[in-house]
2 protein chains.
Amino acid sequence: MKAASRTFRALADPTRRQILQDLKQGELTAGEITARFSISGPSISRHLSILKGADLVSERRAGNRIFYRLEADGIATALGDFLSTVCPTQILHRRKAKKESRS
Amino acid sequence: MKAASRTFRALADPTRRQILQDLKQGELTAGEITARFSISGPSISRHLSILKGADLVSERRAGNRIFYRLEADGIATALGDFLSTVCPTQILHRRKAKKESRS
DNA sequence: ACACTATTTAGCAATATAGCTAAACTATAA
DNA sequence: TTATAGTTTAGCTATATTGCTAAATAGTGT
């Protein structure tokens with residue numbers, strides 16, 4: 001499937017968008033994410049897999065748990081690329097984050 | 001349905017994204033758009049209705065025909081708004097088009 | 001090996017999506 | 001009014017999506 005389709009399909013679901021919002025504050029495990037929704041673990045797992053397939057999040061295994069992280073750069077790039085091809089008169093340009101304040 | 005869902009669901013389909021690309025060059029009638037695809041008129045009509053419902057295009061009736069126009073501003077606003085809420089460290093800001101060169 | 005926790009994969013049901021054809025609607029023109 | 005062109009709406013089928021529960025997998029500790 002084409003990258004843009006993966007991106008927009010992933011963003012089309014409100015649960016997945018909320019997961020991205022939740023990940024804004026930092027990494028969360030699959031279980032922690034599940035706890036924030038009234039949806040079963042397996043369903044959340046599927047949402048995470050779709051987000052990962054669209055490169056909107058990345059995962060990191062730590063023992064038993066899997067931490068998910070927002071891929072803000074990938075999101076901005078994907079949407080920015082689409083915008084620059086479809087709205088050439090409405091260019092959005094990125095302001096590079098000043099300094100990675102993440103550990 | 002929530003605005004963001006309408007936007008992203010509309011953008012999730014490759015035919016609809018191609019319609020937007022085609023409208024970059026200027027207005028097209030439903031029939032002209034249909035001619036560019038190997039998809040039936042009614043199906044294209046439905047795609048146009050979804051794009052319109054998401055405020056990604058607008059329509060203008062001219063006698064028999066209906067002209068569709070890209071709503072570049074709406075697209076940029078929708079995606080920009082989402083980006084600024086989900087990727088606060090990756091702010092995209094819009095450079096206002098210099099001057100509406102459209103009639 | 002066994003138990004225990006965290007997470008994913010498999011398989012199913014309900015709903016949504018996208019394509020089609022046929023019919024209806026809208027506007028122009030004879 | 002009748003005809004014709006352009007477009008949408010209605011109704012159908014096939015496929016995709018999202019939710020669930022049950023079962024499998026991965027890792028830790030006893």
# chains A, B, ... in the order shown; residues from 1 in each chain; ligands from 1
>>> calpha_fit_rmsd(fixed="chain B", moving="chain A")
0.1 Å
>>> residues_around(residues="D:DA23", least_positions_apart="4", cutoff="12 Å", atoms="only C-alpha atoms (C1' of nucleotides)", output="MDAnalysis selection string")
chainID C and resid 8:11
>>> select_by_dssp(residues="chain A", states="helix (DSSP H, G or I)", output="ChimeraX atom specification")
/A:3-11,14-23,30-35,41-53,72-86
>>> residues_around(residues="C:DC12", least_positions_apart="3", cutoff="12 Å", atoms="only C-alpha atoms (C1' of nucleotides)", output="ChimeraX atom specification")
/D:19-22
>>> write_last_selection(atoms="N, CA and C atoms (P, O5', C5', C4', C3', O3' and C1' of nucleotides)", output="mmCIF file, in the first residue's frame")
data_model
loop_
_atom_site.group_PDB
_atom_site.id
_atom_site.type_symbol
_atom_site.label_atom_id
_atom_site.label_comp_id
_atom_site.auth_asym_id
_atom_site.auth_seq_id
_atom_site.Cartn_x
_atom_site.Cartn_y
_atom_site.Cartn_z
ATOM 1 P P DG D 19 -12.091 0.177 17.661
ATOM 2 O "O5'" DG D 19 -12.676 -1.038 18.527
ATOM 3 C "C5'" DG D 19 -13.995 -0.976 19.027
ATOM 4 C "C4'" DG D 19 -14.610 -2.348 19.141
ATOM 5 C "C3'" DG D 19 -13.899 -3.333 20.078
ATOM 6 O "O3'" DG D 19 -14.280 -3.165 21.431
ATOM 7 C "C1'" DG D 19 -14.647 -4.406 18.092
ATOM 8 P P DC D 20 -13.493 -3.921 22.577
ATOM 9 O "O5'" DC D 20 -14.019 -5.433 22.506
ATOM 10 C "C5'" DC D 20 -15.403 -5.736 22.612
ATOM 11 C "C4'" DC D 20 -15.636 -7.222 22.340
ATOM 12 C "C3'" DC D 20 -14.742 -8.146 23.170
ATOM 13 O "O3'" DC D 20 -15.430 -8.568 24.332
ATOM 14 C "C1'" DC D 20 -14.721 -8.785 20.851
ATOM 15 P P DT D 21 -14.581 -9.320 25.491
ATOM 16 O "O5'" DT D 21 -14.374 -10.806 24.911
ATOM 17 C "C5'" DT D 21 -15.495 -11.626 24.573
ATOM 18 C "C4'" DT D 21 -15.010 -13.008 24.141
ATOM 19 C "C3'" DT D 21 -14.120 -13.710 25.176
ATOM 20 O "O3'" DT D 21 -14.411 -15.112 25.155
ATOM 21 C "C1'" DT D 21 -12.892 -13.397 23.183
ATOM 22 P P DA D 22 -13.649 -16.100 26.169
ATOM 23 O "O5'" DA D 22 -12.588 -16.813 25.209
ATOM 24 C "C5'" DA D 22 -13.051 -17.397 23.992
ATOM 25 C "C4'" DA D 22 -11.893 -18.098 23.307
ATOM 26 C "C3'" DA D 22 -10.971 -18.873 24.248
ATOM 27 O "O3'" DA D 22 -10.480 -20.024 23.561
ATOM 28 C "C1'" DA D 22 -9.727 -17.203 23.160
#
>>> closest_atom_pairs(of="chain B", to="chain D", cutoff="8 Å", atoms="only C-alpha atoms (C1' of nucleotides)", output="tab-separated table")
residue	atom	partner	partner_atom	distance
B:Ala30	CA	D:DT7	C1'	7.4
B:Gly31	CA	D:DG6	C1'	7.2
B:Pro42	CA	D:DT8	C1'	7.2
B:Ser45	CA	D:DT8	C1'	6.9
B:Asn64	CA	D:DG6	C1'	5.8
B:Arg65	CA	D:DG6	C1'	5.8
B:Ile66	CA	D:DT7	C1'	7.8
>>> closest_atom_pairs(of="chain B", to="chain C", cutoff="8 Å", atoms="only C-alpha atoms (C1' of nucleotides)", output="Markdown table")
| residue | atom | partner | partner_atom | distance |
| --- | --- | --- | --- | --- |
| B:Ser40 | CA | C:DC20 | C1' | 7.7 |
| B:Ser43 | CA | C:DG19 | C1' | 7.0 |
| B:Gly63 | CA | C:DA27 | C1' | 5.8 |
| B:Asn64 | CA | C:DA27 | C1' | 5.0 |
>>> closest_residue(among="A:His47, A:Asp81, A:Leu56, A:Ala72", to="chain B", atoms="only C-alpha atoms")
A:Ala72
>>> atom_distance(atom1="atom CA of A:Phe67", atom2="atom CA of A:Leu28")
5.3 Å
>>> closest_residue(among="B:Pro14, B:Arg46, B:Gly53, B:Leu20", to="B:Met1", atoms="only C-alpha atoms")
B:Gly53
>>> select_by_dssp(residues="chain A", states="strand (DSSP E or B)", output="mmCIF file with C-alpha atoms, in the first residue's frame")
data_model
loop_
_atom_site.group_PDB
_atom_site.id
_atom_site.type_symbol
_atom_site.label_atom_id
_atom_site.label_comp_id
_atom_site.auth_asym_id
_atom_site.auth_seq_id
_atom_site.Cartn_x
_atom_site.Cartn_y
_atom_site.Cartn_z
ATOM 1 C CA LEU A 28 3.905 4.624 27.182
ATOM 2 C CA THR A 29 3.651 0.844 27.292
ATOM 3 C CA VAL A 57 4.956 5.612 16.310
ATOM 4 C CA SER A 58 7.947 3.421 17.052
ATOM 5 C CA GLU A 59 8.305 0.695 19.622
ATOM 6 C CA ARG A 60 11.042 -0.330 22.012
ATOM 7 C CA ARG A 61 10.993 -3.555 23.959
ATOM 8 C CA ALA A 62 12.058 -3.396 27.619
ATOM 9 C CA ARG A 65 6.891 -4.544 28.185
ATOM 10 C CA ILE A 66 6.882 -2.683 24.910
ATOM 11 C CA PHE A 67 7.158 1.071 24.993
ATOM 12 C CA TYR A 68 5.587 3.105 22.239
ATOM 13 C CA ARG A 69 6.853 6.502 21.239
ATOM 14 C CA LEU A 70 5.392 9.222 19.069
ATOM 15 C CA LEU A 92 3.861 24.949 5.530
ATOM 16 C CA HIS A 93 7.427 24.884 6.621
ATOM 17 C CA ARG A 94 8.835 23.236 9.606
#
>>> atom_distance(atom1="atom CA of B:Asp55", atom2="atom CA of B:Asp22")
16.4 Å
>>> residues_around(residues="A:Cys87", least_positions_apart="4", cutoff="8 Å", atoms="only C-alpha atoms (C1' of nucleotides)", output="NGL selection string")
(:A and (83 or 91)) or (:B and (24 or 72 or 75-76))
>>> write_last_selection(atoms="N, CA and C atoms", output="mmCIF file, in the first residue's frame")
data_model
loop_
_atom_site.group_PDB
_atom_site.id
_atom_site.type_symbol
_atom_site.label_atom_id
_atom_site.label_comp_id
_atom_site.auth_asym_id
_atom_site.auth_seq_id
_atom_site.Cartn_x
_atom_site.Cartn_y
_atom_site.Cartn_z
ATOM 1 N N LEU A 83 1.043 18.115 1.864
ATOM 2 C CA LEU A 83 0.612 19.501 1.692
ATOM 3 C C LEU A 83 1.398 20.200 0.596
ATOM 4 N N ILE A 91 2.254 26.737 1.422
ATOM 5 C CA ILE A 91 3.369 25.947 1.945
ATOM 6 C C ILE A 91 3.488 26.085 3.460
ATOM 7 N N LYS B 24 -5.573 20.939 -8.474
ATOM 8 C CA LYS B 24 -4.526 21.924 -8.198
ATOM 9 C C LYS B 24 -4.445 22.957 -9.315
ATOM 10 N N ALA B 72 -7.662 24.767 -0.916
ATOM 11 C CA ALA B 72 -6.304 24.614 -0.397
ATOM 12 C C ALA B 72 -6.201 25.165 1.018
ATOM 13 N N ILE B 75 -7.607 22.679 3.534
ATOM 14 C CA ILE B 75 -6.726 21.527 3.722
ATOM 15 C C ILE B 75 -5.558 21.915 4.620
ATOM 16 N N ALA B 76 -4.906 23.027 4.285
ATOM 17 C CA ALA B 76 -3.750 23.454 5.066
ATOM 18 C C ALA B 76 -4.141 23.714 6.514
#
>>> closest_residue(among="A:Glu27, A:Gly41, A:Leu48, A:Gly80", to="chain B", atoms="only C-alpha atoms")
A:Gly80
>>> closest_residue(among="A:Ile33, A:Ala3, A:Ala12, A:Ile19", to="chain B", atoms="only C-alpha atoms")
A:Ala12
>>> residues_around(residues="A:Asp13", least_positions_apart="4", cutoff="8 Å", atoms="only C-alpha atoms (C1' of nucleotides)", output="list in words")
Arg9 and Arg17 of chain A; Ser5 of chain B
>>> closest_residue(among="A:Thr77, A:Gln21, A:Ser49, A:Thr34", to="chain B", atoms="only C-alpha atoms")
A:Gln21
>>> closest_residue(among="A:Asp73, A:Ala78, A:Glu32, A:Leu51", to="chain B", atoms="only C-alpha atoms")
A:Asp73
>>> atom_distance(atom1="atom CA of A:Ala54", atom2="atom CA of A:Phe8")
8.6 Å
